>>> print(open('data.txt').read())   # compact mmCIF, C-alpha atoms (C1' of nucleotides)
# COMPACT_ATOMS: atom_id res chain seq x y z
CA MET A 1 67.82 181.99 129.95
CA ALA A 2 67.94 178.27 130.57
CA GLY A 3 66.71 177.59 127.04
CA PRO A 4 65.10 174.55 125.46
CA LYS A 5 68.50 173.25 124.38
CA ARG A 6 69.61 172.80 127.98
CA ALA A 7 66.35 171.08 128.87
CA ALA A 8 66.83 168.65 125.99
CA ASP A 9 70.35 167.91 127.19
CA ASP A 10 69.05 167.12 130.65
CA ARG A 11 66.45 164.76 129.30
CA PHE A 12 68.94 163.11 127.01
CA ALA A 13 71.13 162.47 130.06
CA ARG A 14 68.13 161.05 131.85
CA PHE A 15 67.53 158.70 128.93
CA LYS A 16 71.12 157.49 129.11
CA GLU A 17 70.82 156.93 132.84
CA HIS A 18 67.64 154.97 132.30
CA LEU A 19 69.46 152.70 129.88
CA ARG A 20 72.32 152.16 132.30
CA GLY A 21 69.93 151.54 135.17
CA GLN A 22 68.09 148.89 133.17
CA ARG A 23 71.33 147.37 131.89
CA LEU A 24 70.34 148.29 128.37
CA LYS A 25 72.92 149.37 125.86
CA SER A 26 73.63 152.77 124.47
CA THR A 27 73.73 152.64 120.72
CA ALA A 28 74.19 155.20 118.00
CA GLN A 29 70.65 154.50 116.82
CA ARG A 30 69.08 155.15 120.19
CA ASP A 31 71.08 158.31 120.62
CA THR A 32 70.04 159.63 117.23
CA ILE A 33 66.36 158.86 117.73
CA ALA A 34 66.29 160.34 121.22
CA LYS A 35 68.06 163.50 120.09
CA VAL A 36 65.80 164.04 117.13
CA PHE A 37 62.77 163.50 119.35
CA LEU A 38 64.04 165.92 121.97
CA GLU A 39 64.72 168.60 119.38
CA THR A 40 61.20 168.63 118.05
CA GLN A 41 58.44 170.54 119.76
CA ARG A 42 55.65 168.91 117.81
CA HIS A 43 53.21 166.13 118.55
CA ILE A 44 55.21 163.93 116.25
CA SER A 45 54.02 160.71 114.67
CA VAL A 46 56.25 157.66 114.35
CA GLU A 47 56.36 158.11 110.60
CA GLU A 48 57.41 161.75 110.92
CA LEU A 49 60.09 160.91 113.45
CA TYR A 50 61.30 158.06 111.26
CA GLN A 51 61.64 160.45 108.30
CA GLU A 52 63.67 162.93 110.31
CA VAL A 53 65.83 160.24 111.82
CA LYS A 54 66.55 158.81 108.39
CA GLN A 55 68.11 162.10 107.33
CA ARG A 56 70.78 161.68 109.98
CA ASN A 57 71.22 157.98 109.56
CA PRO A 58 69.41 156.32 106.67
CA ARG A 59 70.20 152.84 107.95
CA ILE A 60 67.99 153.12 111.02
CA GLY A 61 64.91 150.94 110.67
CA TYR A 62 61.29 151.58 111.50
CA ALA A 63 61.26 148.97 114.24
CA THR A 64 64.07 150.70 116.08
CA VAL A 65 62.17 153.96 116.06
CA TYR A 66 59.17 152.21 117.59
CA ARG A 67 61.33 150.47 120.15
CA THR A 68 63.15 153.63 121.15
CA LEU A 69 59.93 155.62 121.47
CA LYS A 70 58.73 152.93 123.84
CA LEU A 71 61.89 153.34 125.91
CA LEU A 72 61.48 157.11 125.96
CA THR A 73 57.91 156.65 127.11
CA GLU A 74 58.92 154.19 129.82
CA CYS A 75 61.41 156.58 131.33
CA GLY A 76 58.93 159.44 131.32
CA ILE A 77 60.48 161.55 128.57
CA ALA A 78 57.87 160.98 125.90
CA ALA A 79 54.12 160.58 126.23
CA GLU A 80 51.98 158.67 123.76
CA ARG A 81 48.78 160.24 122.48
CA HIS A 82 46.09 158.91 120.21
CA PHE A 83 44.06 161.44 118.29
CA ARG A 84 41.50 160.76 115.61
CA ASP A 85 43.84 160.09 112.74
CA GLY A 86 44.66 156.61 113.99
CA GLU A 87 48.42 156.84 114.33
CA ALA A 88 50.08 157.41 117.68
CA ARG A 89 51.75 160.74 118.30
CA TYR A 90 54.41 161.46 120.89
CA GLU A 91 54.95 164.64 122.83
CA SER A 92 57.37 165.67 125.54
CA ALA A 93 56.26 164.37 128.91
CA ALA A 94 58.10 167.18 130.68
CA LYS A 95 55.08 169.43 130.40
CA ARG A 96 52.38 170.02 132.96
CA HIS A 97 49.13 168.17 132.57
CA HIS A 98 47.11 169.52 129.67
CA ASP A 99 44.60 168.48 127.07
CA HIS A 100 44.35 169.17 123.34
CA LEU A 101 42.31 171.20 120.92
CA ILE A 102 42.64 170.01 117.34
CA CYS A 103 41.75 171.74 114.09
CA GLU A 104 39.75 169.40 111.90
CA ALA A 105 40.77 171.29 108.78
CA CYS A 106 44.55 171.56 109.09
CA GLY A 107 45.36 169.18 111.93
CA LYS A 108 46.93 171.85 114.11
CA ILE A 109 47.17 170.74 117.74
CA VAL A 110 46.90 173.33 120.50
CA GLU A 111 47.45 172.51 124.16
CA PHE A 112 45.35 173.95 126.94
CA GLU A 113 44.80 173.66 130.67
CA GLU A 114 41.43 174.14 132.28
CA PRO A 115 41.53 173.16 135.94
CA ARG A 116 37.82 173.86 136.34
CA ILE A 117 37.09 171.01 133.94
CA GLU A 118 39.40 168.71 135.88
CA VAL A 119 37.54 169.49 139.08
CA LEU A 120 34.20 168.69 137.48
CA GLN A 121 35.58 165.46 136.02
CA GLU A 122 36.70 164.35 139.47
CA GLY A 123 33.23 165.16 140.74
CA VAL A 124 31.57 163.04 138.05
CA ALA A 125 33.79 160.05 138.84
CA LYS A 126 33.18 160.34 142.55
CA ARG A 127 29.41 160.69 142.14
CA LEU A 128 29.33 157.52 140.07
CA GLY A 129 31.39 155.58 142.58
CA PHE A 130 34.66 155.48 140.63
CA ARG A 131 38.14 156.04 141.93
CA SER A 132 39.48 158.22 139.15
CA THR A 133 42.69 157.15 137.40
CA GLY A 134 42.83 159.49 134.45
CA HIS A 135 41.03 160.90 131.48
CA LYS A 136 41.24 161.59 127.81
CA MET A 137 39.83 164.82 126.48
CA GLU A 138 40.15 166.31 123.05
CA LEU A 139 38.24 169.24 121.67
CA TYR A 140 37.75 169.46 117.93
CA GLY A 141 37.05 172.57 115.91
CA ILE A 142 38.18 174.85 113.12
CA CYS A 143 41.05 177.16 113.97
CA ARG A 144 41.08 180.87 113.20
CA ASP A 145 43.29 180.50 110.12
CA CYS A 146 41.11 177.79 108.60
CA GLN A 147 37.96 179.79 109.25
CA LYS A 148 39.50 182.61 107.19
CA VAL A 149 40.45 180.27 104.38
CA ARG A 150 36.93 178.97 104.23
CA GLN A 151 35.52 182.45 103.97
CA ALA A 152 38.00 183.39 101.28
CA ALA A 153 37.17 180.27 99.29
CA GLY A 154 33.41 180.64 99.77
CA MET B 155 4.49 153.13 128.24
CA ALA B 156 6.00 153.58 124.80
CA GLY B 157 8.72 151.08 125.64
CA PRO B 158 12.08 150.40 124.08
CA LYS B 159 10.54 147.88 121.68
CA ARG B 160 8.49 150.55 119.94
CA ALA B 161 11.54 152.82 119.70
CA ALA B 162 13.52 150.02 118.10
CA ASP B 163 10.69 149.49 115.60
CA ASP B 164 10.78 153.16 114.66
CA ARG B 165 14.48 153.09 114.11
CA PHE B 166 14.28 149.91 112.11
CA ALA B 167 11.74 151.62 109.87
CA ARG B 168 14.09 154.56 109.55
CA PHE B 169 16.85 152.21 108.48
CA LYS B 170 14.64 150.72 105.78
CA GLU B 171 13.69 154.18 104.56
CA HIS B 172 17.34 155.13 104.41
CA LEU B 173 18.02 152.11 102.23
CA ARG B 174 15.17 152.96 99.91
CA GLY B 175 16.22 156.59 99.76
CA GLN B 176 19.74 155.63 98.75
CA ARG B 177 18.53 152.99 96.31
CA LEU B 178 20.17 150.35 98.40
CA LYS B 179 18.60 146.95 98.77
CA SER B 180 16.87 145.42 101.72
CA THR B 181 18.32 142.04 102.46
CA ALA B 182 17.73 139.42 105.11
CA GLN B 183 21.29 139.96 106.34
CA ARG B 184 20.86 143.69 106.81
CA ASP B 185 17.54 143.20 108.56
CA THR B 186 19.01 140.67 110.96
CA ILE B 187 22.03 142.78 111.81
CA ALA B 188 19.99 145.94 112.29
CA LYS B 189 17.48 144.14 114.51
CA VAL B 190 20.12 142.57 116.69
CA PHE B 191 21.86 145.91 117.03
CA LEU B 192 18.63 147.68 117.94
CA GLU B 193 17.80 145.10 120.58
CA THR B 194 21.02 145.51 122.48
CA GLN B 195 21.55 148.30 124.97
CA ARG B 196 25.30 147.83 125.24
CA HIS B 197 28.26 149.59 123.74
CA ILE B 198 28.71 146.62 121.49
CA SER B 199 31.85 145.73 119.59
CA VAL B 200 31.77 144.39 116.06
CA GLU B 201 32.94 141.01 117.28
CA GLU B 202 30.18 140.85 119.90
CA LEU B 203 27.54 141.85 117.39
CA TYR B 204 28.87 139.32 114.91
CA GLN B 205 28.59 136.57 117.53
CA GLU B 206 24.99 137.45 118.30
CA VAL B 207 24.08 137.78 114.65
CA LYS B 208 25.57 134.38 113.92
CA GLN B 209 23.13 132.76 116.31
CA ARG B 210 20.23 133.89 114.15
CA ASN B 211 21.91 133.28 110.84
CA PRO B 212 25.27 131.51 110.89
CA ARG B 213 25.90 132.25 107.23
CA ILE B 214 26.28 135.99 107.74
CA GLY B 215 29.88 137.08 107.29
CA TYR B 216 32.05 139.46 109.26
CA ALA B 217 32.31 141.89 106.35
CA THR B 218 28.55 142.27 106.17
CA VAL B 219 28.38 143.14 109.84
CA TYR B 220 30.99 145.85 109.29
CA ARG B 221 29.20 147.12 106.22
CA THR B 222 25.82 147.23 107.91
CA LEU B 223 27.18 149.01 110.97
CA LYS B 224 28.51 151.64 108.63
CA LEU B 225 25.07 152.04 107.10
CA LEU B 226 23.48 152.31 110.53
CA THR B 227 26.01 154.95 111.44
CA GLU B 228 25.40 156.89 108.23
CA CYS B 229 21.69 157.11 108.83
CA GLY B 230 22.16 158.26 112.40
CA ILE B 231 20.98 155.13 114.19
CA ALA B 232 24.34 153.93 115.48
CA ALA B 233 27.29 155.96 116.74
CA GLU B 234 30.86 154.73 116.59
CA ARG B 235 33.05 155.09 119.65
CA HIS B 236 36.69 154.32 120.20
CA PHE B 237 37.77 153.59 123.71
CA ARG B 238 41.18 152.43 124.83
CA ASP B 239 40.83 148.77 123.92
CA GLY B 240 41.41 149.39 120.24
CA GLU B 241 38.23 147.97 118.77
CA ALA B 242 35.36 150.18 117.75
CA ARG B 243 32.16 150.01 119.77
CA TYR B 244 28.74 151.09 118.63
CA GLU B 245 25.97 152.57 120.68
CA SER B 246 22.52 153.86 119.88
CA ALA B 247 22.69 157.37 118.46
CA ALA B 248 19.17 158.09 119.70
CA LYS B 249 20.45 159.17 123.07
CA ARG B 250 21.16 162.66 124.25
CA HIS B 251 24.70 163.86 124.15
CA HIS B 252 26.80 162.25 126.84
CA ASP B 253 30.32 161.15 127.63
CA HIS B 254 31.72 157.98 129.16
CA LEU B 255 33.33 156.79 132.34
CA ILE B 256 35.14 153.48 131.97
CA CYS B 257 36.34 151.02 134.58
CA GLU B 258 39.92 150.05 133.88
CA ALA B 259 39.52 146.81 135.80
CA CYS B 260 36.33 145.29 134.36
CA GLY B 261 35.69 147.42 131.29
CA LYS B 262 32.27 148.60 132.47
CA ILE B 263 31.11 151.68 130.58
CA VAL B 264 28.93 154.24 132.33
CA GLU B 265 27.38 157.21 130.57
CA PHE B 266 27.15 160.64 132.12
CA GLU B 267 26.15 164.19 131.27
CA GLU B 268 27.85 167.20 132.77
CA PRO B 269 26.72 170.39 131.08
CA ARG B 270 29.07 172.48 133.17
CA ILE B 271 32.00 170.73 131.50
CA GLU B 272 30.52 171.36 128.07
CA VAL B 273 30.22 175.06 128.83
CA LEU B 274 33.85 175.23 129.90
CA GLN B 275 34.91 173.32 126.79
CA GLU B 276 33.14 175.82 124.57
CA GLY B 277 34.89 178.59 126.46
CA VAL B 278 38.30 177.04 125.88
CA ALA B 279 37.67 176.67 122.16
CA LYS B 280 36.43 180.23 121.82
CA ARG B 281 39.34 181.67 123.80
CA LEU B 282 41.80 179.89 121.50
CA GLY B 283 40.05 181.11 118.36
CA PHE B 284 38.40 177.85 117.36
CA ARG B 285 34.89 177.32 116.11
CA SER B 286 34.01 174.22 118.10
CA THR B 287 32.77 171.16 116.22
CA GLY B 288 32.82 168.48 118.87
CA HIS B 289 34.82 166.75 121.52
CA LYS B 290 35.89 163.41 122.84
CA MET B 291 35.97 162.89 126.58
CA GLU B 292 36.46 159.70 128.49
CA LEU B 293 37.11 159.38 132.18
CA TYR B 294 38.94 156.32 133.42
CA GLY B 295 38.83 154.85 136.91
CA ILE B 296 38.01 151.86 139.05
CA CYS B 297 34.35 151.23 139.67
CA ARG B 298 32.86 150.55 143.08
CA ASP B 299 32.61 146.78 142.50
CA CYS B 300 36.21 146.46 141.41
CA GLN B 301 37.43 148.53 144.36
CA LYS B 302 35.76 145.99 146.62
CA VAL B 303 37.30 143.06 144.82
CA ARG B 304 40.72 144.59 145.19
CA GLN B 305 40.24 145.06 148.92
CA ALA B 306 39.00 141.50 149.31
CA ALA B 307 41.96 140.13 147.36
CA GLY B 308 44.52 142.37 149.08
C1' DA C 309 6.17 135.62 85.85
C1' DG C 310 10.60 136.08 83.48
C1' DA C 311 14.38 138.89 82.02
C1' DT C 312 17.36 142.64 83.14
C1' DT C 313 20.08 145.56 85.85
C1' DA C 314 22.43 146.94 89.62
C1' DG C 315 23.49 146.25 94.35
C1' DT C 316 24.96 142.60 97.82
C1' DT C 317 27.22 138.73 99.80
C1' DG C 318 30.94 135.77 101.90
C1' DA C 319 35.51 134.21 101.58
C1' DA C 320 39.74 135.48 101.02
C1' DA C 321 43.14 138.82 100.08
C1' DA C 322 44.69 143.39 101.13
C1' DT C 323 45.63 147.18 104.20
C1' DG C 324 47.87 149.85 107.81
C1' DA C 325 49.66 150.62 112.35
C1' DG C 326 52.28 148.36 115.34
C1' DT C 327 54.96 144.17 117.15
C1' DT C 328 57.82 140.10 116.94
C1' DT C 329 61.31 137.03 115.05
C1' DC C 330 65.87 135.89 113.97
C1' DA C 331 70.47 135.88 112.30
C1' DA C 332 74.02 139.13 112.07
C1' DA C 333 76.21 142.97 114.37
C1' DA C 334 77.38 145.83 118.25
C1' DT C 335 78.02 146.93 123.27
C1' DC C 336 80.24 146.60 127.57
C1' DG C 337 82.27 144.43 131.73
C1' DG C 338 86.26 142.05 132.56
C1' DC D 339 90.48 141.80 123.03
C1' DC D 340 86.88 138.16 124.80
C1' DG D 341 82.63 136.66 125.25
C1' DA D 342 78.11 137.03 127.13
C1' DT D 343 74.25 139.61 126.29
C1' DT D 344 71.70 143.01 123.92
C1' DT D 345 70.40 145.34 119.72
C1' DT D 346 69.54 145.89 114.99
C1' DG D 347 67.09 145.77 110.41
C1' DA D 348 64.37 143.22 107.36
C1' DA D 349 60.83 140.52 106.96
C1' DA D 350 57.09 138.07 108.90
C1' DC D 351 53.34 138.47 111.74
C1' DT D 352 49.11 140.61 114.45
C1' DC D 353 44.77 142.55 114.77
C1' DA D 354 41.06 145.49 113.37
C1' DT D 355 39.12 146.88 109.39
C1' DT D 356 38.47 147.32 104.30
C1' DT D 357 38.50 145.76 99.68
C1' DT D 358 38.12 142.49 95.91
C1' DC D 359 35.59 139.52 93.13
C1' DA D 360 32.69 135.97 91.38
C1' DA D 361 28.38 134.24 92.56
C1' DC D 362 23.99 135.66 94.14
C1' DT D 363 19.69 138.34 94.94
C1' DA D 364 16.53 142.24 95.16
C1' DA D 365 14.14 145.60 92.67
C1' DT D 366 12.69 147.14 88.13
C1' DC D 367 11.14 146.52 83.52
C1' DT D 368 8.28 144.07 80.04
>>> encode(input="data.txt", output="structure tokens")
Amino acid sequence: MAGPKRAADDRFARFKEHLRGQRLKSTAQRDTIAKVFLETQRHISVEELYQEVKQRNPRIGYATVYRTLKLLTECGIAAERHFRDGEARYESAAKRHHDHLICEACGKIVEFEEPRIEVLQEGVAKRLGFRSTGHKMELYGICRDCQKVRQAAG
Amino acid sequence: MAGPKRAADDRFARFKEHLRGQRLKSTAQRDTIAKVFLETQRHISVEELYQEVKQRNPRIGYATVYRTLKLLTECGIAAERHFRDGEARYESAAKRHHDHLICEACGKIVEFEEPRIEVLQEGVAKRLGFRSTGHKMELYGICRDCQKVRQAAG
DNA sequence: AGATTAGTTGAAAATGAGTTTCAAAATCGG
DNA sequence: CCGATTTTGAAACTCATTTTCAACTAATCT
């Protein structure tokens, strides 16, 4: 198996190349932040990433985490998302296009693909005279686990 | 014809009832803000509403506009929307369910309904074990007018 | 109508996510 | 190792929105 570890290594190398290509410097802080980001599978918030990064190097500041996430986004490794809670979350950009389904009770984020929706979205844009450039779609609901909890509590 | 004026009157009355029902007070400020909001058809931002309100009563403060929009939202007359530009916009909640298509060049906001998308969204939620509670969908693109401008400029 | 009570107002301060500033520190090409 | 250039962390700053608070006003009571 290729494994997620290998994939993370590849992307880390891509990050380093991006830095070199832009004549930016490789620093211990950037390396740490990028590695921690690449190890997580979650839709991680800046605060969460900052907390994890601090465990490896408590001297890294909040601003550096923001700056490095921006770099990771620029070179196509991270993708910024904005859900309802107001703070940006970052996910791996190495995935195929997908949208999100979010549990309003526990915050769980599930990814899904539904090409039939995409087709209809394109149709709507075209009908209204728009050249489509993208979309944002989030479904909200209560996940199976939280439905159970509610029943148990009720 | 019933006309949009009559509809606005009805909703204004509903607002006043809501205030009475909650033992809140009717004030000249609230009346002005509600009326200005009800007269506009746009997806209006707080800043825009504040500017229009100021023309009728320059002593009304920003905070009161925010507070009154919250009241209008609570009683189901206004609906809060968050598009990409970062500031909240409010639209009339009296409309049927719809989603938005937004021009990335000029900011124009077009409403649309596409029940076939809604059906597919419900299907996605159900398949993944969620009880659906809502969704957020925005399509982004370049509108016909802005496509022309680009051609002319290019 | 006047007094009382409780909600409301506007200005300014506070908040919270995110960005910028700046002096000190670190990187990297030579 | 030098030195030009970039980066860092802390603190200051944005920007949208919310909260605070003393003065004010609407609704209620007499």
>>> calpha_fit_rmsd(input="data.txt", fixed="chain B", moving="chain A")
0.2 Å
>>> residues_around(input="data.txt", residues="B:Ile231", least_positions_apart="4", cutoff="12 Å", atoms="all atoms listed in the file", output="list in words")
Ala161, Ala162, Asp163, Asp164, Arg165, Phe166, Ala167, Arg168, Phe169, Lys170, His172, Ala188, Lys189, Phe191, Leu192, Thr222, Leu223, Lys224, Leu225, Leu226, Thr227, Tyr244, Glu245, Ser246, Ala247, Ala248 and Lys249 of chain B
>>> closest_residue(input="data.txt", among="D:DA348, D:DC353, D:DA360, D:DA365", to="chain A", atoms="only C-alpha atoms (C1' of nucleotides)")
D:DA348
>>> residues_around(input="data.txt", residues="B:Gly277", least_positions_apart="4", cutoff="12 Å", atoms="all atoms listed in the file", output="list in words")
Leu101, Phe112, Glu113, Glu114, Arg116, Ile117 and Leu139 of chain A; Arg270, Ile271, Glu272, Val273, Arg281, Leu282, Gly283, Phe284, Arg285 and Ser286 of chain B
>>> atom_distance(input="data.txt", atom1="atom CA of A:Ala105", atom2="atom CA of B:Ala233")
21.9 Å
>>> residues_around(input="data.txt", residues="C:DA333", least_positions_apart="4", cutoff="12 Å", atoms="all atoms listed in the file", output="PDB file with C-alpha atoms (C1' of nucleotides), in the frame of the given file")
ATOM      1  CA  THR A  27      73.730 152.640 120.720  1.00  0.00           C
TER       2      THR A  27
ATOM      3  C1'  DT D 344      71.700 143.010 123.920  1.00  0.00           C
ATOM      4  C1'  DT D 345      70.400 145.340 119.720  1.00  0.00           C
ATOM      5  C1'  DT D 346      69.540 145.890 114.990  1.00  0.00           C
ATOM      6  C1'  DG D 347      67.090 145.770 110.410  1.00  0.00           C
TER       7       DG D 347
END
>>> residues_around(input="data.txt", residues="C:DG326", least_positions_apart="3", cutoff="10 Å", atoms="all atoms listed in the file", output="PyMOL selection string")
(chain A and resi 63+66+87-88) or (chain D and resi 352-353)
>>> atom_distance(input="data.txt", atom1="atom CA of A:Arg89", atom2="atom CA of A:Lys108")
12.8 Å
>>> closest_atom_pairs(input="data.txt", of="chain A", to="chain C", cutoff="12 Å", atoms="all atoms listed in the file", output="JSON lines")
{"residue": "A:Arg20", "atom": "CA", "partner": "C:DC336", "partner_atom": "C1'", "distance": 10.8}
{"residue": "A:Arg23", "atom": "CA", "partner": "C:DC336", "partner_atom": "C1'", "distance": 9.9}
{"residue": "A:Leu24", "atom": "CA", "partner": "C:DT335", "partner_atom": "C1'", "distance": 9.3}
{"residue": "A:Lys25", "atom": "CA", "partner": "C:DT335", "partner_atom": "C1'", "distance": 6.2}
{"residue": "A:Ser26", "atom": "CA", "partner": "C:DT335", "partner_atom": "C1'", "distance": 7.4}
{"residue": "A:Thr27", "atom": "CA", "partner": "C:DT335", "partner_atom": "C1'", "distance": 7.6}
{"residue": "A:Ala28", "atom": "CA", "partner": "C:DA334", "partner_atom": "C1'", "distance": 9.9}
{"residue": "A:Gln29", "atom": "CA", "partner": "C:DA334", "partner_atom": "C1'", "distance": 11.1}
{"residue": "A:Ser45", "atom": "CA", "partner": "C:DA325", "partner_atom": "C1'", "distance": 11.2}
{"residue": "A:Val46", "atom": "CA", "partner": "C:DA325", "partner_atom": "C1'", "distance": 9.8}
{"residue": "A:Glu47", "atom": "CA", "partner": "C:DA325", "partner_atom": "C1'", "distance": 10.2}
{"residue": "A:Tyr62", "atom": "CA", "partner": "C:DG326", "partner_atom": "C1'", "distance": 10.3}
{"residue": "A:Ala63", "atom": "CA", "partner": "C:DT327", "partner_atom": "C1'", "distance": 8.4}
{"residue": "A:Thr64", "atom": "CA", "partner": "C:DT327", "partner_atom": "C1'", "distance": 11.3}
{"residue": "A:Val65", "atom": "CA", "partner": "C:DG326", "partner_atom": "C1'", "distance": 11.4}
{"residue": "A:Tyr66", "atom": "CA", "partner": "C:DG326", "partner_atom": "C1'", "distance": 8.2}
{"residue": "A:Arg67", "atom": "CA", "partner": "C:DT327", "partner_atom": "C1'", "distance": 9.4}
{"residue": "A:Lys70", "atom": "CA", "partner": "C:DG326", "partner_atom": "C1'", "distance": 11.6}
{"residue": "A:His82", "atom": "CA", "partner": "C:DA325", "partner_atom": "C1'", "distance": 12.0}
{"residue": "A:Asp85", "atom": "CA", "partner": "C:DA325", "partner_atom": "C1'", "distance": 11.1}
{"residue": "A:Gly86", "atom": "CA", "partner": "C:DA325", "partner_atom": "C1'", "distance": 8.0}
{"residue": "A:Glu87", "atom": "CA", "partner": "C:DA325", "partner_atom": "C1'", "distance": 6.6}
{"residue": "A:Ala88", "atom": "CA", "partner": "C:DA325", "partner_atom": "C1'", "distance": 8.6}
{"residue": "A:Arg89", "atom": "CA", "partner": "C:DA325", "partner_atom": "C1'", "distance": 11.9}
>>> atom_distance(input="data.txt", atom1="atom CA of A:Cys106", atom2="atom CA of A:Ile142")
8.2 Å
